[in-house]
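> My questions will all concern the structure given below.
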Amino acid sequence: MNKTIRRASVFTLLLVFALLIRATWVQFYDGQALADDKDNRRNTIALYSEPLGNIVVGGRSVTGSARTTSGDLAYKRTYTDGSLYAAVTGYSSQAFGATQLEGVYQDLLDGTDDRLKSVLDTVTNKRADPGNVITTIVPDVQKAAYDALGEKKGAAVAIDPTTGRILAVVSTPSYDPSRITTGDSAAWKELTKDADKPMTNRALRQPLPPGSTFKLVVAAAALEDGLYSSVDQRTKSPDPYPLPQSSDTLGNENPSAPCENASIRVALQYSCNNVFGKMAVDLGQDKVRAMAEKFGFNDDAQDVPVRAYPSVYPSDMDEAQTALSGIGQFDVTATPLQMAMVSAAIANGGKLVSPHMVSQITDSGGDVLENYDDQADTKEIVSSGTAEQLQSAMRTVVDDGTGTNARISGATVGGKTGTAQHGENNSKTPYAWFTSYGKADGKEVAVAVLVEQSDAARSEVSGNGLAAPVAKKVMEAALKD
């Protein structure tokens with residue numbers, strides 16, 4: 001073989017090797033990347049080629065799959081009472097992806113979760129029959145919260161303090177996920193551009209200033225620290241309270257309330273700002289923050305299993321800012337979930353059972369793959385003695401204080417109102433809050449309600465006027481026989 005032919009042969013062989021390497025690279029690396037690309041239409045076609053598994057509430061599926069009549073997607077997602085359960089299910093859309101439980105459990109619901117596969121499925125790479133998500137949501141409690149909020153912009157969360165099971169998660173205004181399952185761009189644009197943000201989950205994912213409901217956290221810190229030995233010990237609290245390093249003072253909504261040197265019980269009963277502002281300064285921001293974090297503030301991995309936005313107790317404040325933080329203002333923020341957790345821990349003797357809104361996930365035959373009720377952690381937040389004292393003080397708020405609209409005949413109810421400032425110099429309508437617990441006939445529930453906006457006149461916006469009646473309806477539904 002002459003030199004020229006030999007060189008041409010080697011060059012040709014190198015080209016063949018290069019093509020083989022490139023083909024292998026595309027097949028096993030680029031191919032997988034292309035297959036995983038969210039814009040790959042084949043993924044969507046595969047996802048909706050078979051019915052999806054379902055999300056179950058109270059033994060009934062609130063999701064489904066229906067045959068399509070056109071296009072390359074065989075099935076579309078459907079929802080029963082979509083607006084009622086949107087804050088729980090989220091949506092599964094052919095064009096816009098999946099959120100909430102639909103997103104968290106997408107692999108389970110579409111049959112690609114490895115736990116669903118049989119040995120034969122694994123060998124043949126066949127898509128398994130999809131699994132189901134069994135929620136802890138109680139239909140009557142969910143509907144009570146949804147109906148009670150009505151046209152108001154707000155949210156409500158209900159938790160069983162003894163088990164951590166979330167009984168209701170409601171955000172209003174809501175939306176029907178069925179409108180966007182097939183990728184209706186007009187409906188998507190309408191919902192995403194709506195100034196009322198119906199697709200925002202206000203219950204889990206919109207922290208706002210909690211106002212006076214945060215005073216429960218400050219009271220817990222003061223009792224646990226020993227700053228005060230009981231909720232009935234008088235405090236040293238001038239009215240109004242001169243803010244440190246400032247010419248401003250911290251006064252009270254009701255100037256005739258007996259807030260000067262008031263005990264924790266009286267200060268909660270009348271929601272005395274001067275008492276809790278000074279108490280936060282006396283404790284110092286580090287001790288208040290430590291207690292807030294025990295309840296769940298500043299937790300950026302709060303999964304229920306949907307990831308909740310963290311509620312925040314800030315750092316690096318001066319003493320005047322610390323005083324404002326003691327009444328749930330300055331840069332303190334909380335979700336309704338977080339404030340429900342505060343009441344749940346107090347109601348449960350100081351122990352917080354990790355909140356969760358999924359009880360089990362199962363395969364298509366109903367066999368349990370994971371039981372979240374069995375996995376719920378319990379943490380001691382405050383001592384049983386502190387919890388009992390705070391329960392008693394919260395009952396005084398409902399029986400004789402600012403939370404009388406939450407009274408329920410035949411039930412023990414405790415609560416705390418909050419009216420949080422909104423806008424520069426409180427120029428916008430305040431947020432109305434109520435966090436509470438109810439007990440009757442062996443049943444317990446903790447409820448937090450936020451009313452962000454309503455048709456009420458500004459002078460009528462208060463935790464007792466707007467949020468407490470909603471909490472009452474939710475507690476009644478949870479405690480009924």
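By order of appearance in the structure tokens: chains A, B, ..., then residues from 1 within every chain, and ligands from 1 in the order shown.
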Write out as a VMD selection string all residues of region 269-471 of chain A that DSSP puts in strand (DSSP E or B) for this structure's backbone.
chain A and resid 302 to 303 307 to 308 312 333 to 334 351 to 353 356 358 to 362 368 to 371 378 to 380 412 to 422 428 to 440 443 to 453
> Which region 166-242 of chain A residues have any atom within 12 Å of an atom of region 461-470 of chain A, and for each, what is the nearest pair of atoms with distance in Å to one decimal, counting only C-alpha atoms, rows sorted by chain and number, as CSV?

residue,atom,partner,partner_atom,distance
A:Val170,CA,A:Val470,CA,11.5
A:Pro210,CA,A:Gly463,CA,10.6
A:Gly211,CA,A:Gly463,CA,9.6
A:Ser212,CA,A:Gly463,CA,9.2
A:Thr213,CA,A:Gly463,CA,9.2
> Would you output that residue set with C-alpha atoms, as a PDB file, in the first residue's frame?

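Dumped to selection_20.pdb:
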ATOM      1  CA  VAL A 170     -58.047  28.514  51.494  1.00  0.00           C
ATOM      2  CA  PRO A 210     -49.006  39.844  61.462  1.00  0.00           C
ATOM      3  CA  GLY A 211     -49.747  42.830  63.688  1.00  0.00           C
ATOM      4  CA  SER A 212     -50.852  42.076  67.218  1.00  0.00           C
ATOM      5  CA  THR A 213     -51.165  38.313  66.670  1.00  0.00           C
TER       6      THR A 213
END
> Choose the residue, out of A:Lys416, A:Arg289, A:Lys193, A:Arg6, that has the smallest atom-to-atom separation from Ala221 (chain A); count only C-alpha atoms.
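Among the listed residues, the smallest separation from Ala221 (chain A) belongs to A:Arg289.
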> Just want the 8 Å neighbourhood of region 248-260 of chain A, counted on only C-alpha atoms, with same-chain residues fewer than 3 positions away dropped. Output as a PyMOL selection string.
chain A and resi 236-243+266-267+270-275+277
> Which distance in Å separates CA of Thr181 (chain A) and CA of Val451 (chain A), to one decimal?
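Between CA of Thr181 (chain A) and CA of Val451 (chain A) the gap works out to 29.2 Å.
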> Using DSSP on the backbone coordinates, identify all residues within region 247-460 of chain A classified as helix (DSSP H, G or I); present the result as a ChimeraX atom specification.
/A:264-269,273-283,285-295,319-325,336-347,384-400,404-406,424-426,458-460
> In Å, how far is it from CA of Glu388 (chain A) to CA of Met341 (chain A)?
16.1 Å
> Nearest to Val138 (chain A) among A:Ile346, A:Gly58, A:Ser409, A:His356, with distances taken over only C-alpha atoms: which residue is it?
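Using only C-alpha atoms, Val138 (chain A) sits closest to A:Gly58.
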> Any idea what's packed within 12 Å of Asp113 (chain A), counting only C-alpha atoms, ignoring anything in its chain fewer than 5 positions away? Could you give it as a list in words?
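Counting only the stated atoms, we get Gly53, Val104, Tyr105, Gln106, Asp107, Leu108, Ser118, Asp121, Thr122, Asn125, Lys126, Arg127, Ala128, Asp129, Pro130, Gly131, Asn132, Ile361, Thr362, Asp363, Ser364 and Leu369 of chain A.
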> Next, dump the selected residues to file, keeping only N, CA, C and O atoms, as a compact mmCIF listing (two decimals), in the first residue's frame.

# COMPACT_ATOMS: atom_id res chain seq x y z
N GLY A 53 -52.92 10.09 37.92
CA GLY A 53 -53.47 9.72 39.22
C GLY A 53 -54.21 10.90 39.82
O GLY A 53 -54.23 12.01 39.25
N VAL A 104 -45.62 18.94 43.24
CA VAL A 104 -44.81 18.18 44.20
C VAL A 104 -44.84 16.69 43.88
O VAL A 104 -43.82 15.99 43.97
N TYR A 105 -46.02 16.19 43.49
CA TYR A 105 -46.19 14.74 43.27
C TYR A 105 -46.39 14.42 41.79
O TYR A 105 -47.05 13.43 41.46
N GLN A 106 -45.81 15.21 40.91
CA GLN A 106 -46.01 14.98 39.49
C GLN A 106 -45.56 13.59 39.05
O GLN A 106 -46.26 12.91 38.29
N ASP A 107 -44.40 13.13 39.54
CA ASP A 107 -43.90 11.80 39.15
C ASP A 107 -44.84 10.70 39.63
O ASP A 107 -45.05 9.71 38.92
N LEU A 108 -45.39 10.85 40.82
CA LEU A 108 -46.33 9.86 41.32
C LEU A 108 -47.60 9.86 40.49
O LEU A 108 -48.12 8.80 40.11
N SER A 118 -43.15 -2.19 38.77
CA SER A 118 -42.90 -3.60 39.06
C SER A 118 -41.57 -3.99 38.44
O SER A 118 -40.95 -3.21 37.71
N ASP A 121 -41.94 -3.79 34.78
CA ASP A 121 -41.95 -2.39 34.32
C ASP A 121 -40.52 -1.85 34.22
O ASP A 121 -40.18 -1.13 33.29
N THR A 122 -39.69 -2.23 35.19
CA THR A 122 -38.31 -1.76 35.21
C THR A 122 -37.53 -2.31 34.03
O THR A 122 -36.77 -1.59 33.37
N ASN A 125 -39.07 -0.82 30.87
CA ASN A 125 -39.17 0.65 30.92
C ASN A 125 -40.59 1.13 30.62
O ASN A 125 -40.80 2.20 30.04
N LYS A 126 -41.57 0.32 31.00
CA LYS A 126 -42.97 0.67 30.79
C LYS A 126 -43.43 1.65 31.87
O LYS A 126 -43.03 1.54 33.03
N ARG A 127 -44.23 2.60 31.49
CA ARG A 127 -44.79 3.55 32.45
C ARG A 127 -45.80 2.84 33.34
O ARG A 127 -46.70 2.17 32.87
N ALA A 128 -45.61 2.97 34.64
CA ALA A 128 -46.49 2.27 35.59
C ALA A 128 -47.83 2.98 35.71
O ALA A 128 -48.00 4.13 35.30
N ASP A 129 -48.79 2.26 36.28
CA ASP A 129 -50.07 2.89 36.58
C ASP A 129 -49.84 3.98 37.62
O ASP A 129 -49.08 3.77 38.58
N PRO A 130 -50.46 5.15 37.48
CA PRO A 130 -50.17 6.26 38.38
C PRO A 130 -50.68 6.03 39.79
O PRO A 130 -51.61 5.25 40.03
N GLY A 131 -50.05 6.72 40.74
CA GLY A 131 -50.48 6.66 42.13
C GLY A 131 -51.42 7.79 42.47
O GLY A 131 -51.76 8.63 41.62
N ASN A 132 -51.83 7.86 43.73
CA ASN A 132 -52.77 8.87 44.21
C ASN A 132 -52.24 9.57 45.45
O ASN A 132 -51.46 9.00 46.21
N ILE A 361 -49.46 8.72 50.34
CA ILE A 361 -49.46 8.53 48.91
C ILE A 361 -49.54 7.04 48.66
O ILE A 361 -48.97 6.23 49.39
N THR A 362 -50.29 6.65 47.64
CA THR A 362 -50.54 5.23 47.38
C THR A 362 -50.27 4.90 45.92
O THR A 362 -50.21 5.79 45.06
N ASP A 363 -50.15 3.61 45.64
CA ASP A 363 -50.09 3.18 44.24
C ASP A 363 -51.51 3.05 43.70
O ASP A 363 -52.49 3.34 44.41
N SER A 364 -51.64 2.61 42.49
CA SER A 364 -52.96 2.56 41.85
C SER A 364 -53.90 1.58 42.54
O SER A 364 -55.13 1.72 42.47
N LEU A 369 -47.53 3.86 49.85
CA LEU A 369 -46.11 4.01 49.56
C LEU A 369 -45.41 4.81 50.65
O LEU A 369 -44.25 4.57 50.95
> Given only C-alpha atoms as the basis, pick out the residue of A:Gly366, A:Ala406, A:Pro355, A:Asn371 nearest to Gly164 (chain A).
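Under the stated criterion, the closest residue is A:Pro355.
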> Which residues, written as a ChimeraX atom specification, have at least one atom at most 12 Å from Ala387 (chain A), with only C-alpha atoms counted and residues fewer than 6 positions away on the same chain left out?
/A:216-217,219-221,223-224,230-231,342-352,380-381,393-394,414
> Which distance in Å separates CA of Leu208 (chain A) and CA of Gln329 (chain A), to one decimal?
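It comes out at 9.5 Å.
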